[in-house]
Amino acid sequence: MTGSNKKKATAKAAPGTKGQKQPGDLSEALARAPSAAKQVVRPTLAELVQGGWVPIFLDANVLIPEYLRTVFLDMVEAGLFQPYWSPGVLEETRRNLIDPDVYGLEVATVDRLLKCLDKGFPNALVQGSERYEAAFKGKTDSKDQHVAAGALKVSRSVHEGLPVLLVTHNAVDLPQWAFEGSPVLCVRPDTLLTEVAKTWPTETDGALRAMLRRLKNPKVTETDLLDYMVGSGCPVFAGELAKLWGYDLVDELTPARQEQLPKSMKPPAPTKKAAAPKAAKTAKPKKPQQAKPPKAE
């Protein structure tokens with residue numbers, strides 16, 4: 001995994017898109033969200049993604065799954081995201097990866113991973129978000145206050161009050177209402193990746209094909225990645241990728257992953273053929289009874 005978080009003026013235009021807005025140009029909508037305003041007008045997710053090079057604060061549950069983490073960081077390389085995380089998020093990531101009851105990876109392996117993140121994305125680590133944690137007391141789960149504070153720190157101190165996406169699977173403990181009055185927008189990984197794939201299909205395709213060419217030990221195919229994305233809680237994104245690559249998603253998934261699809265994405269259950277009605281039994285005609293002879297008196 002390689003990467004750089006250095007600021008780019010604009011990304012190169014994709015073939016056939018000359019004159020169109022490219023990833024790397026912040027949407028004009030971002031200017032509508034000053035952090036000092038009481039009522040912050042947040043741009044929609046679609047507006048932010050259309051602007052490209054979106055600032056994202058990644059929760060640990062996005063960094064922990066190997067292939068989900070890799071997809072996000074390779075999309076950073078394509079100029080689609082600016083990634084951020086905090087020391088607390090990295091500690092939570094480390095703790096889960098080495099926990100024998102969770103992932104059980106070797107400590108040395110996990111520490112090498114964290115060093116790669118630090119080296120590859122030197123501007124991603126955000127320090128000093130602790131002073132924002134009190135703002136979320138009673139609004140988020142106490143264990144997740146540091147995550148909320150990190151996203152708010154990125155918005156206020158790094159991006160001068162512009163919107164930042166907090167990317168997390170944990171919408172229950174990090175609800176959107178907890179960020180009322182701020183330009184932080186909470187979004188699930190599946191929702192964000194799907195929106196990016198629809199808005200920037202050429203860039204998404206290029207980034208992920210380059211990623212798959214790089215992954216050789218073990219080798220990962222397109223259909224493997226579809227399976228991994230469903231397993232990482234991103235079934236809609238997997239469906240968008242399947243359409244982009246010309247696959248039928250359900251056909252390419254393992255049975256276990258098929259079971260993980262939401263009902264709306266599962267194929268309809270085969271209808272049972274109605275059993276043919278049984279032919280009515282025809283009553284056999286009774287034999288005529290012979291008259292009994294009268295009893296002798």
# chains A, B, ... in the order shown; residues from 1 in each chain; ligands from 1
>>> select_by_dssp(residues="range 54-151 of chain A", states="strand (DSSP E or B)", output="ChimeraX atom specification")
/A:54-58,81-85,125
>>> residues_around(residues="range 66-69 of chain A", least_positions_apart="5", cutoff="8 Å", atoms="only C-alpha atoms", output="count of residues only")
4
>>> select_by_dssp(residues="range 26-263 of chain A", states="alpha helix (DSSP H)", output="PyMOL selection string")
chain A and resi 45-51+60-63+66-77+87-98+107-120+145-153+189-199+201-214+222-231+235-245+249-252+255-260
>>> write_last_selection(atoms="C-alpha atoms", output="CSV table (one decimal), in the first residue's frame")
chain,number,residue,atom,x,y,z
A,45,LEU,CA,-23.8,14.0,-0.4
A,46,ALA,CA,-24.3,14.2,-4.1
A,47,GLU,CA,-23.0,17.8,-4.2
A,48,LEU,CA,-20.0,17.0,-2.2
A,49,VAL,CA,-19.1,14.0,-4.3
A,50,GLN,CA,-19.6,15.9,-7.5
A,51,GLY,CA,-17.0,18.4,-6.3
A,60,ALA,CA,-12.0,2.4,12.9
A,61,ASN,CA,-14.7,0.1,11.5
A,62,VAL,CA,-13.7,1.3,8.0
A,63,LEU,CA,-10.0,0.9,8.5
A,66,GLU,CA,-8.6,-5.2,4.9
A,67,TYR,CA,-10.2,-4.8,1.5
A,68,LEU,CA,-12.6,-2.0,2.5
A,69,ARG,CA,-9.6,0.0,3.8
A,70,THR,CA,-7.7,-0.7,0.6
A,71,VAL,CA,-10.6,0.4,-1.6
A,72,PHE,CA,-10.8,3.7,0.2
A,73,LEU,CA,-7.1,4.4,0.1
A,74,ASP,CA,-6.8,3.5,-3.5
A,75,MET,CA,-9.6,5.9,-4.3
A,76,VAL,CA,-7.6,8.5,-2.4
A,77,GLU,CA,-4.8,7.9,-5.0
A,87,PRO,CA,-4.7,8.6,17.2
A,88,GLY,CA,-7.8,7.3,19.0
A,89,VAL,CA,-9.1,5.7,15.7
A,90,LEU,CA,-5.7,4.1,15.0
A,91,GLU,CA,-5.5,2.7,18.6
A,92,GLU,CA,-9.0,1.2,18.2
A,93,THR,CA,-8.0,-0.2,14.8
A,94,ARG,CA,-4.9,-1.8,16.3
A,95,ARG,CA,-6.7,-3.1,19.4
A,96,ASN,CA,-9.3,-5.0,17.2
A,97,LEU,CA,-6.8,-6.3,14.7
A,98,ILE,CA,-4.6,-7.9,17.4
A,107,VAL,CA,1.3,-7.4,16.7
A,108,ALA,CA,4.3,-6.9,14.4
A,109,THR,CA,2.0,-7.2,11.3
A,110,VAL,CA,-0.4,-4.6,12.6
A,111,ASP,CA,2.3,-2.2,13.6
A,112,ARG,CA,3.8,-2.4,10.1
A,113,LEU,CA,0.4,-1.6,8.7
A,114,LEU,CA,0.1,1.5,11.0
A,115,LYS,CA,3.5,2.6,9.9
A,116,CYS,CA,2.5,2.3,6.3
A,117,LEU,CA,-0.6,4.5,6.9
A,118,ASP,CA,1.6,7.1,8.6
A,119,LYS,CA,4.2,7.0,5.9
A,120,GLY,CA,1.8,6.8,2.9
A,145,GLN,CA,-16.9,10.7,21.4
A,146,HIS,CA,-13.3,10.7,20.2
A,147,VAL,CA,-14.5,9.7,16.7
A,148,ALA,CA,-17.1,12.5,16.6
A,149,ALA,CA,-14.5,15.0,18.0
A,150,GLY,CA,-12.0,14.0,15.3
A,151,ALA,CA,-14.4,14.7,12.5
A,152,LEU,CA,-15.3,18.0,14.0
A,153,LYS,CA,-11.7,18.9,14.4
A,189,PRO,CA,-19.3,3.5,3.6
A,190,ASP,CA,-21.7,1.7,1.3
A,191,THR,CA,-23.7,4.9,0.6
A,192,LEU,CA,-20.5,7.0,0.0
A,193,LEU,CA,-18.8,4.4,-2.3
A,194,THR,CA,-22.0,3.9,-4.3
A,195,GLU,CA,-22.4,7.6,-4.9
A,196,VAL,CA,-18.8,7.9,-5.9
A,197,ALA,CA,-19.0,5.0,-8.3
A,198,LYS,CA,-22.1,6.5,-9.9
A,199,THR,CA,-20.7,10.0,-10.2
A,201,PRO,CA,-17.4,5.6,-12.9
A,202,THR,CA,-14.3,6.0,-15.0
A,203,GLU,CA,-12.1,7.0,-12.0
A,204,THR,CA,-13.6,4.3,-9.8
A,205,ASP,CA,-13.0,1.6,-12.4
A,206,GLY,CA,-9.4,2.8,-13.0
A,207,ALA,CA,-8.6,3.0,-9.3
A,208,LEU,CA,-9.9,-0.5,-8.5
A,209,ARG,CA,-8.5,-2.2,-11.6
A,210,ALA,CA,-5.1,-0.8,-10.6
A,211,MET,CA,-5.6,-2.0,-7.1
A,212,LEU,CA,-6.4,-5.5,-8.3
A,213,ARG,CA,-3.3,-5.6,-10.5
A,214,ARG,CA,-1.2,-4.7,-7.5
A,222,GLU,CA,-12.9,-8.6,-9.7
A,223,THR,CA,-15.4,-11.2,-8.5
A,224,ASP,CA,-13.4,-11.8,-5.3
A,225,LEU,CA,-13.7,-8.0,-4.6
A,226,LEU,CA,-17.5,-8.1,-5.1
A,227,ASP,CA,-17.6,-10.9,-2.5
A,228,TYR,CA,-15.4,-9.0,-0.1
A,229,MET,CA,-17.4,-5.8,-0.4
A,230,VAL,CA,-20.6,-7.6,0.5
A,231,GLY,CA,-18.8,-9.1,3.4
A,235,PRO,CA,-23.6,-4.7,-0.9
A,236,VAL,CA,-25.1,-1.7,-2.9
A,237,PHE,CA,-21.6,-0.6,-3.9
A,238,ALA,CA,-20.8,-4.2,-4.9
A,239,GLY,CA,-23.9,-4.1,-7.1
A,240,GLU,CA,-22.8,-0.9,-8.7
A,241,LEU,CA,-19.3,-2.4,-9.4
A,242,ALA,CA,-20.9,-5.5,-10.8
A,243,LYS,CA,-22.9,-3.4,-13.3
A,244,LEU,CA,-19.8,-1.4,-14.1
A,245,TRP,CA,-17.8,-4.7,-14.8
A,249,LEU,CA,-23.8,-9.8,-8.7
A,250,VAL,CA,-25.8,-12.7,-7.2
A,251,ASP,CA,-24.3,-15.2,-9.6
A,252,GLU,CA,-20.7,-14.2,-8.6
A,255,PRO,CA,-23.6,-18.8,-1.0
A,256,ALA,CA,-22.6,-17.2,2.4
A,257,ARG,CA,-22.4,-13.7,0.8
A,258,GLN,CA,-25.7,-14.2,-1.0
A,259,GLU,CA,-27.3,-14.7,2.4
A,260,GLN,CA,-25.9,-11.4,3.5
>>> atom_distance(atom1="CA of Ala124 in chain A", atom2="CA of Phe57 in chain A")
8.8 Å
>>> atom_distance(atom1="CA of Asp99 in chain A", atom2="CA of Ser129 in chain A")
25.9 Å
>>> atom_distance(atom1="CA of Leu165 in chain A", atom2="CA of Gly128 in chain A")
18.7 Å
>>> decode(residues="range 111-183 of chain A", atoms="C-alpha atoms", output="mmCIF file, in the first residue's frame")
data_model
loop_
_atom_site.group_PDB
_atom_site.id
_atom_site.type_symbol
_atom_site.label_atom_id
_atom_site.label_comp_id
_atom_site.auth_asym_id
_atom_site.auth_seq_id
_atom_site.Cartn_x
_atom_site.Cartn_y
_atom_site.Cartn_z
ATOM 1 C CA ASP A 111 2.313 -2.214 13.638
ATOM 2 C CA ARG A 112 3.774 -2.421 10.125
ATOM 3 C CA LEU A 113 0.354 -1.584 8.735
ATOM 4 C CA LEU A 114 0.056 1.479 10.957
ATOM 5 C CA LYS A 115 3.535 2.619 9.920
ATOM 6 C CA CYS A 116 2.493 2.283 6.284
ATOM 7 C CA LEU A 117 -0.557 4.452 6.938
ATOM 8 C CA ASP A 118 1.620 7.053 8.615
ATOM 9 C CA LYS A 119 4.214 7.045 5.856
ATOM 10 C CA GLY A 120 1.812 6.832 2.928
ATOM 11 C CA PHE A 121 -0.629 9.454 4.213
ATOM 12 C CA PRO A 122 1.392 11.856 6.353
ATOM 13 C CA ASN A 123 -1.314 14.543 6.443
ATOM 14 C CA ALA A 124 -4.104 12.196 7.504
ATOM 15 C CA LEU A 125 -3.350 12.087 11.245
ATOM 16 C CA VAL A 126 -5.283 14.759 13.159
ATOM 17 C CA GLN A 127 -4.010 15.617 16.634
ATOM 18 C CA GLY A 128 -5.649 17.596 19.416
ATOM 19 C CA SER A 129 -9.303 16.704 18.914
ATOM 20 C CA GLU A 130 -9.773 15.916 22.616
ATOM 21 C CA ARG A 131 -11.044 19.427 23.373
ATOM 22 C CA TYR A 132 -14.055 18.779 21.134
ATOM 23 C CA GLU A 133 -15.137 15.593 22.937
ATOM 24 C CA ALA A 134 -17.168 17.439 25.589
ATOM 25 C CA ALA A 135 -19.451 18.754 22.837
ATOM 26 C CA PHE A 136 -20.714 15.221 22.254
ATOM 27 C CA LYS A 137 -21.360 14.194 25.848
ATOM 28 C CA GLY A 138 -24.816 12.637 25.979
ATOM 29 C CA LYS A 139 -25.145 12.828 22.186
ATOM 30 C CA THR A 140 -22.976 9.923 21.122
ATOM 31 C CA ASP A 141 -21.903 6.731 22.831
ATOM 32 C CA SER A 142 -19.118 7.587 25.278
ATOM 33 C CA LYS A 143 -16.738 5.199 23.478
ATOM 34 C CA ASP A 144 -17.320 7.074 20.215
ATOM 35 C CA GLN A 145 -16.946 10.658 21.415
ATOM 36 C CA HIS A 146 -13.346 10.666 20.197
ATOM 37 C CA VAL A 147 -14.526 9.730 16.694
ATOM 38 C CA ALA A 148 -17.082 12.545 16.560
ATOM 39 C CA ALA A 149 -14.504 14.979 17.963
ATOM 40 C CA GLY A 150 -11.970 13.972 15.307
ATOM 41 C CA ALA A 151 -14.398 14.673 12.468
ATOM 42 C CA LEU A 152 -15.341 18.040 13.965
ATOM 43 C CA LYS A 153 -11.673 18.939 14.423
ATOM 44 C CA VAL A 154 -11.002 18.241 10.741
ATOM 45 C CA SER A 155 -13.897 20.461 9.701
ATOM 46 C CA ARG A 156 -13.110 23.407 11.970
ATOM 47 C CA SER A 157 -9.325 23.432 12.167
ATOM 48 C CA VAL A 158 -8.153 21.741 8.973
ATOM 49 C CA HIS A 159 -10.811 22.814 6.480
ATOM 50 C CA GLU A 160 -11.840 26.115 8.084
ATOM 51 C CA GLY A 161 -15.467 25.193 8.631
ATOM 52 C CA LEU A 162 -16.089 23.381 5.359
ATOM 53 C CA PRO A 163 -18.040 20.113 5.292
ATOM 54 C CA VAL A 164 -16.371 16.845 6.206
ATOM 55 C CA LEU A 165 -17.825 13.353 5.852
ATOM 56 C CA LEU A 166 -17.616 11.095 8.898
ATOM 57 C CA VAL A 167 -17.534 7.625 7.348
ATOM 58 C CA THR A 168 -18.738 4.948 9.745
ATOM 59 C CA HIS A 169 -20.828 1.792 9.934
ATOM 60 C CA ASN A 170 -21.989 2.914 13.378
ATOM 61 C CA ALA A 171 -24.888 5.261 12.681
ATOM 62 C CA VAL A 172 -26.580 4.221 15.948
ATOM 63 C CA ASP A 173 -23.859 5.564 18.258
ATOM 64 C CA LEU A 174 -22.850 8.395 15.919
ATOM 65 C CA PRO A 175 -26.215 9.856 14.842
ATOM 66 C CA GLN A 176 -26.443 12.790 12.485
ATOM 67 C CA TRP A 177 -28.412 14.881 14.994
ATOM 68 C CA ALA A 178 -25.373 14.884 17.310
ATOM 69 C CA PHE A 179 -23.647 17.162 14.753
ATOM 70 C CA GLU A 180 -26.453 19.710 14.530
ATOM 71 C CA GLY A 181 -25.013 23.165 13.900
ATOM 72 C CA SER A 182 -21.834 21.780 12.325
ATOM 73 C CA PRO A 183 -20.963 20.910 8.726
#
